[in-house]
Every structure is written in C-alpha cells, then in structure tokens.
>>> print(open('model-v2.cif').read())   # mmCIF, C-alpha atoms
data_protein
loop_
_atom_site.group_PDB
_atom_site.id
_atom_site.type_symbol
_atom_site.label_atom_id
_atom_site.label_comp_id
_atom_site.auth_asym_id
_atom_site.auth_seq_id
_atom_site.Cartn_x
_atom_site.Cartn_y
_atom_site.Cartn_z
ATOM 1 C CA THR A 1 -14.854 -10.166 -0.509
ATOM 2 C CA GLU A 2 -17.566 -10.965 1.979
ATOM 3 C CA THR A 3 -16.719 -10.946 5.639
ATOM 4 C CA ALA A 4 -18.304 -13.101 8.282
ATOM 5 C CA SER A 5 -19.383 -10.711 11.000
ATOM 6 C CA ASP A 6 -21.878 -12.877 12.917
ATOM 7 C CA ASP A 7 -20.741 -13.942 16.369
ATOM 8 C CA VAL A 8 -17.839 -11.463 16.347
ATOM 9 C CA ALA A 9 -17.229 -9.866 19.759
ATOM 10 C CA ARG A 10 -18.136 -6.171 19.774
ATOM 11 C CA PRO A 11 -18.113 -3.501 22.447
ATOM 12 C CA ASP A 12 -21.354 -3.323 24.388
ATOM 13 C CA GLY A 13 -23.828 -1.097 22.585
ATOM 14 C CA LEU A 14 -21.839 -0.741 19.333
ATOM 15 C CA VAL A 15 -23.827 1.467 16.948
ATOM 16 C CA GLU A 16 -24.803 -1.015 14.264
ATOM 17 C CA THR A 17 -24.648 0.563 10.832
ATOM 18 C CA HIS A 18 -23.962 -1.223 7.596
ATOM 19 C CA GLY A 19 -20.562 0.486 7.449
ATOM 20 C CA THR A 20 -19.497 -0.450 10.976
ATOM 21 C CA GLU A 21 -20.669 -4.028 10.383
ATOM 22 C CA LEU A 22 -18.580 -4.296 7.209
ATOM 23 C CA MET A 23 -15.496 -2.838 8.898
ATOM 24 C CA TRP A 24 -15.921 -4.927 12.057
ATOM 25 C CA GLY A 25 -16.300 -8.123 10.032
ATOM 26 C CA LEU A 26 -13.250 -7.391 7.883
ATOM 27 C CA ILE A 27 -11.100 -6.632 10.922
ATOM 28 C CA HIS A 28 -12.234 -9.863 12.591
ATOM 29 C CA ASN A 29 -11.484 -11.976 9.512
ATOM 30 C CA VAL A 30 -8.055 -10.400 9.034
ATOM 31 C CA HIS A 31 -7.245 -11.002 12.699
ATOM 32 C CA VAL A 32 -8.223 -14.671 12.456
ATOM 33 C CA THR A 33 -6.436 -15.303 9.146
ATOM 34 C CA LYS A 34 -3.354 -13.186 10.009
ATOM 35 C CA THR A 35 -3.486 -11.474 6.637
ATOM 36 C CA ILE A 36 -3.779 -7.836 5.559
ATOM 37 C CA GLY A 37 -7.088 -6.004 5.173
ATOM 38 C CA VAL A 38 -7.666 -2.603 3.624
ATOM 39 C CA ILE A 39 -10.520 -0.203 4.404
ATOM 40 C CA THR A 40 -10.898 2.824 2.132
ATOM 41 C CA ALA A 41 -13.387 5.661 2.273
ATOM 42 C CA PRO A 42 -13.471 9.451 2.323
ATOM 43 C CA ALA A 43 -13.353 11.310 5.640
ATOM 44 C CA GLY A 44 -16.507 10.970 7.700
ATOM 45 C CA PHE A 45 -17.115 7.238 7.262
ATOM 46 C CA SER A 46 -16.088 6.451 10.878
ATOM 47 C CA LYS A 47 -12.995 4.453 9.927
ATOM 48 C CA THR A 48 -10.962 5.939 12.784
ATOM 49 C CA THR A 49 -13.805 5.493 15.247
ATOM 50 C CA VAL A 50 -14.174 1.797 14.435
ATOM 51 C CA LEU A 51 -10.409 1.251 14.676
ATOM 52 C CA LYS A 52 -10.344 2.935 18.086
ATOM 53 C CA ALA A 53 -13.300 0.856 19.279
ATOM 54 C CA LYS A 54 -11.644 -2.358 18.069
ATOM 55 C CA HIS A 55 -8.414 -1.302 19.787
ATOM 56 C CA GLN A 56 -10.294 -0.818 23.065
ATOM 57 C CA VAL A 57 -11.756 -4.327 23.019
ATOM 58 C CA THR A 58 -8.831 -6.272 21.523
ATOM 59 C CA LYS A 59 -6.188 -7.093 24.094
ATOM 60 C CA GLY A 60 -2.679 -6.429 22.843
ATOM 61 C CA SER A 61 -3.779 -4.691 19.656
ATOM 62 C CA ILE A 62 -1.651 -1.874 18.280
ATOM 63 C CA LEU A 63 -3.144 1.257 16.722
ATOM 64 C CA VAL A 64 -1.003 3.902 15.044
ATOM 65 C CA GLU A 65 -1.978 6.961 13.019
ATOM 66 C CA ILE A 66 0.226 8.082 10.153
ATOM 67 C CA ASP A 67 1.107 11.728 9.623
ATOM 68 C CA ASN A 68 3.672 13.448 7.375
ATOM 69 C CA LYS A 69 6.439 12.962 9.940
ATOM 70 C CA HIS A 70 5.840 9.209 10.162
ATOM 71 C CA SER A 71 4.936 8.378 6.551
ATOM 72 C CA ASN A 72 8.201 6.679 5.619
ATOM 73 C CA SER A 73 9.444 3.309 6.827
ATOM 74 C CA THR A 74 11.527 4.757 9.668
ATOM 75 C CA GLY A 75 8.596 6.834 10.912
ATOM 76 C CA LEU A 76 6.257 3.833 10.833
ATOM 77 C CA ILE A 77 8.817 1.737 12.713
ATOM 78 C CA ARG A 78 9.137 4.491 15.318
ATOM 79 C CA LEU A 79 5.344 4.682 15.844
ATOM 80 C CA ILE A 80 5.066 0.922 16.298
ATOM 81 C CA ALA A 81 8.113 0.879 18.583
ATOM 82 C CA GLU A 82 6.547 3.575 20.778
ATOM 83 C CA GLU A 83 3.358 1.515 21.112
ATOM 84 C CA LEU A 84 5.393 -1.566 22.041
ATOM 85 C CA GLN A 85 7.537 0.478 24.453
ATOM 86 C CA VAL A 86 10.684 -0.306 22.484
ATOM 87 C CA ASN A 87 13.563 2.154 22.866
ATOM 88 C CA VAL A 88 13.087 4.664 20.038
ATOM 89 C CA GLN A 89 16.569 6.155 20.525
ATOM 90 C CA MET A 90 18.250 3.293 18.664
ATOM 91 C CA PRO A 91 18.644 3.089 14.882
ATOM 92 C CA ALA A 92 15.584 2.071 12.845
ATOM 93 C CA TRP A 93 17.025 -1.337 11.932
ATOM 94 C CA ARG A 94 17.474 -2.173 15.629
ATOM 95 C CA MET A 95 13.961 -0.935 16.447
ATOM 96 C CA LEU A 96 12.598 -3.140 13.644
ATOM 97 C CA SER A 97 14.552 -6.082 15.003
ATOM 98 C CA ALA A 98 13.048 -5.522 18.468
ATOM 99 C CA ILE A 99 9.559 -5.142 16.942
ATOM 100 C CA LYS A 100 9.993 -8.399 15.025
ATOM 101 C CA LYS A 101 11.125 -10.222 18.164
ATOM 102 C CA THR A 102 8.136 -8.891 20.120
ATOM 103 C CA LEU A 103 5.490 -9.506 17.457
ATOM 104 C CA ARG A 104 6.643 -12.780 15.851
ATOM 105 C CA ASP A 105 3.739 -15.257 16.035
ATOM 106 C CA SER A 106 2.067 -13.143 18.743
ATOM 107 C CA GLY A 107 -1.204 -12.853 16.810
ATOM 108 C CA ARG A 108 -1.403 -9.215 17.925
ATOM 109 C CA LEU A 109 -3.488 -7.069 15.607
ATOM 110 C CA LEU A 110 -1.750 -4.059 14.016
ATOM 111 C CA MET A 111 -4.079 -1.300 12.789
ATOM 112 C CA ILE A 112 -2.720 1.624 10.782
ATOM 113 C CA ASP A 113 -4.981 4.644 10.342
ATOM 114 C CA GLN A 114 -4.411 7.296 7.661
ATOM 115 C CA ALA A 115 -2.426 4.646 5.758
ATOM 116 C CA HIS A 116 -2.883 6.573 2.506
ATOM 117 C CA GLU A 117 -0.087 8.839 3.812
ATOM 118 C CA LEU A 118 2.455 5.976 3.830
ATOM 119 C CA SER A 119 5.357 6.052 1.399
ATOM 120 C CA PRO A 120 5.929 3.072 -0.917
ATOM 121 C CA GLU A 121 8.910 1.949 1.198
ATOM 122 C CA ALA A 122 6.687 1.735 4.298
ATOM 123 C CA PHE A 123 4.572 -0.946 2.584
ATOM 124 C CA SER A 124 7.648 -3.172 2.475
ATOM 125 C CA THR A 125 7.961 -2.787 6.260
ATOM 126 C CA ILE A 126 4.278 -3.685 6.685
ATOM 127 C CA ARG A 127 4.784 -6.763 4.509
ATOM 128 C CA THR A 128 7.760 -7.796 6.657
ATOM 129 C CA ILE A 129 5.698 -7.420 9.836
ATOM 130 C CA ASN A 130 2.767 -9.342 8.343
ATOM 131 C CA ASP A 131 5.148 -12.149 7.320
ATOM 132 C CA LEU A 132 5.766 -12.672 11.060
ATOM 133 C CA GLY A 133 2.157 -13.808 11.489
ATOM 134 C CA VAL A 134 0.897 -10.356 12.455
ATOM 135 C CA PRO A 135 -2.563 -9.430 11.116
ATOM 136 C CA VAL A 136 -2.618 -5.887 9.680
ATOM 137 C CA ILE A 137 -5.496 -3.499 8.974
ATOM 138 C CA LEU A 138 -4.851 -0.425 6.829
ATOM 139 C CA ALA A 139 -7.446 2.349 6.764
ATOM 140 C CA GLY A 140 -7.386 5.465 4.628
ATOM 141 C CA THR A 141 -8.741 7.262 1.607
ATOM 142 C CA ALA A 142 -9.008 5.851 -1.906
ATOM 143 C CA ARG A 143 -5.339 6.833 -2.475
ATOM 144 C CA LEU A 144 -4.477 3.809 -0.338
ATOM 145 C CA ARG A 145 -5.811 1.469 -3.045
ATOM 146 C CA ASP A 146 -3.167 2.708 -5.496
ATOM 147 C CA HIS A 147 -0.391 1.566 -3.145
ATOM 148 C CA VAL A 148 -2.092 -1.704 -2.283
ATOM 149 C CA ASN A 149 -2.865 -2.578 -5.910
ATOM 150 C CA ASP A 150 0.666 -1.851 -7.125
ATOM 151 C CA MET A 151 1.547 -4.974 -9.093
ATOM 152 C CA SER A 152 4.758 -3.611 -10.586
ATOM 153 C CA GLU A 153 7.865 -5.724 -10.645
ATOM 154 C CA GLY A 154 9.264 -6.216 -7.175
ATOM 155 C CA SER A 155 6.027 -5.337 -5.385
ATOM 156 C CA GLN A 156 4.870 -8.240 -3.246
ATOM 157 C CA PHE A 157 2.385 -6.372 -1.109
ATOM 158 C CA TYR A 158 -0.855 -7.011 -3.007
ATOM 159 C CA SER A 159 -0.493 -10.788 -2.641
ATOM 160 C CA ARG A 160 -0.717 -10.453 1.169
ATOM 161 C CA VAL A 161 -4.035 -8.573 1.102
ATOM 162 C CA MET A 162 -6.993 -10.788 2.013
ATOM 163 C CA ALA A 163 -9.646 -8.176 1.262
ATOM 164 C CA THR A 164 -10.139 -4.554 0.342
ATOM 165 C CA LEU A 165 -13.271 -2.831 1.602
ATOM 166 C CA PRO A 166 -13.985 0.301 -0.480
ATOM 167 C CA LEU A 167 -16.763 1.730 1.704
ATOM 168 C CA GLU A 168 -17.572 4.548 -0.695
ATOM 169 C CA GLN A 169 -18.707 1.879 -3.180
ATOM 170 C CA HIS A 170 -20.753 -0.143 -0.654
ATOM 171 C CA LEU A 171 -22.717 2.449 1.257
ATOM 172 C CA VAL A 172 -25.537 4.769 0.324
ATOM 173 C CA MET A 173 -26.800 7.993 1.892
ATOM 174 C CA GLY A 174 -28.350 7.408 5.322
ATOM 175 C CA ASP A 175 -26.391 4.204 5.866
ATOM 176 C CA GLY A 176 -23.085 5.694 6.961
ATOM 177 C CA GLY A 177 -22.356 6.852 3.433
ATOM 178 C CA PRO A 178 -21.527 10.269 2.035
ATOM 179 C CA GLY A 179 -23.314 12.976 3.954
ATOM 180 C CA ALA A 180 -24.225 10.665 6.827
ATOM 181 C CA PRO A 181 -23.159 11.805 10.277
ATOM 182 C CA SER A 182 -19.852 10.622 11.648
ATOM 183 C CA HIS A 183 -20.006 8.908 15.006
ATOM 184 C CA SER A 184 -17.784 9.554 17.991
ATOM 185 C CA ILE A 185 -15.991 6.611 19.573
ATOM 186 C CA ASP A 186 -18.510 6.814 22.428
ATOM 187 C CA ASP A 187 -21.354 6.553 19.890
ATOM 188 C CA VAL A 188 -19.789 3.479 18.324
ATOM 189 C CA LEU A 189 -19.238 1.847 21.701
ATOM 190 C CA LYS A 190 -22.838 2.655 22.712
#
>>> encode(input="model-v2.cif", output="structure tokens")
Amino acid sequence: TETASDDVARPDGLVETHGTELMWGLIHNVHVTKTIGVITAPAGFSKTTVLKAKHQVTKGSILVEIDNKHSNSTGLIRLIAEELQVNVQMPAWRMLSAIKKTLRDSGRLLMIDQAHELSPEAFSTIRTINDLGVPVILAGTARLRDHVNDMSEGSQFYSRVMATLPLEQHLVMGDGGPGAPSHSIDDVLK
C-alpha cells in the first residue's frame, strides 16, 4: 500500500532516507484514518528511532516497547496504563476500562515497538483499543506479520490493518537497508 508522505509534519532536520520516508508516511496515514499500520524489518532499520521521533512531535501520542514481561494482554495494558498515568495497582480489567475511557475518540496515536514479542491474546486487546477510534502502529521483526496475517477462525485483527510495510522487501543496500547504518534519534531529528 502506498502512503502519502508529502506535506506531513516532520521534526526539523529529519534525516530523509527512503526507509524513514516510508515509515513516516505510513504512520501519518494510520493516524489520519484511525486504523492499524504494521512496520516490519530486521534490527538496524531505524524503526525504533522513527517511532521515538514521531512520539516527540505528536502531542498526546503513546509509545510503548514490548519485552518478555509485558508480552501478554495484561502486560500490554499495564504499559499503556503507565503512559496514561492510570493506577496500575488495580486489576487488568479495571485498567483497561480506564484506558478505554481515556482514549475513546481521542485520536491519540498508539505506537507499539517490538510488537513481534506480543502474545496472540494481546492482539485482541489492540483490536479493542483500535475499535475506540485509536490509531495504532505496530513495529517489529518479520515474526509480527505472522500474527497480523492470522486469518484463522475467530481472528478479527487482520481486517483492521490498513497497511503493512515490510521494509526488508522495499529497501536496498545504501538506502537504509541491510548493512546500512542505523541512525540515532538525534540523527533522525537532524
């Protein structure tokens, strides 16, 4: 899916590579359409850096990074609750209720880095949050595509995804592709 990246607000001095342009455009389109977008690539493609840069320039955006401790639905809820300053001492269902109340129709962008670590049950939570009118960006390795493309009975996640950007298939050496240098967040903002 092509993304319209012209006239999209960027941090001053953003390092313009083909990869950052593709990611930036996808994030913008997902934010506007309030859908779900997926960015996949191996480590070193500056996915995290672009998400952090977008977080810095997008008022009210939420950025969480998944690890083993937070890979299930309860862990994801806890990470989002922490970012929203919701009491994390209450049960997960109450945290989710508070998250839903805070985010419903807010248009706030939710970005989830290392999303390939998420358990299948966590995708149901993401779908629930997206159904509130919350745009969601998932970034991770190619393993993420397996979860996103799950069309088995009962899975309703794939129908919410506006676009999947498999960077490893779009980029070539010297253009942010395999073997190209990663950029720090300062580099991307410059």
>>> residues_around(input="model-v2.cif", residues="stretch 75-84 of chain A", least_positions_apart="3", cutoff="12 Å", atoms="only C-alpha atoms", output="ChimeraX atom specification")
/A:60-72,87-103,108-115,117-126,128-129
>>> atom_distance(input="model-v2.cif", atom1="atom CA of A:Arg145", atom2="atom CA of A:Arg127")
15.4 Å
>>> closest_residue(input="model-v2.cif", among="A:Pro135, A:Gly140, A:Pro166, A:Gly25", to="A:Thr48", atoms="only C-alpha atoms")
A:Gly140
>>> closest_residue(input="model-v2.cif", among="A:Val86, A:Ala142, A:Val161, A:Ile27", to="A:Val50", atoms="all atoms listed in the file")
A:Ile27
>>> residues_around(input="model-v2.cif", residues="A:Tyr158", least_positions_apart="5", cutoff="10 Å", atoms="all atoms listed in the file", output="MDAnalysis selection string")
chainID A and resid 36 123 127 145 147:151 163
>>> atom_distance(input="model-v2.cif", atom1="atom CA of A:Lys52", atom2="atom CA of A:Val134")
18.3 Å
>>> atom_distance(input="model-v2.cif", atom1="atom CA of A:Glu21", atom2="atom CA of A:Gly133")
24.9 Å
>>> closest_residue(input="model-v2.cif", among="A:Thr58, A:Thr141, A:Gln85, A:Thr33", to="A:Leu167", atoms="only C-alpha atoms")
A:Thr141
>>> closest_residue(input="model-v2.cif", among="A:Glu16, A:Leu165, A:Val38, A:His28", to="A:His55", atoms="only C-alpha atoms")
A:His28
>>> closest_residue(input="model-v2.cif", among="A:Arg160, A:Arg143, A:Lys34, A:His18", to="A:Arg104", atoms="only C-alpha atoms")
A:Lys34
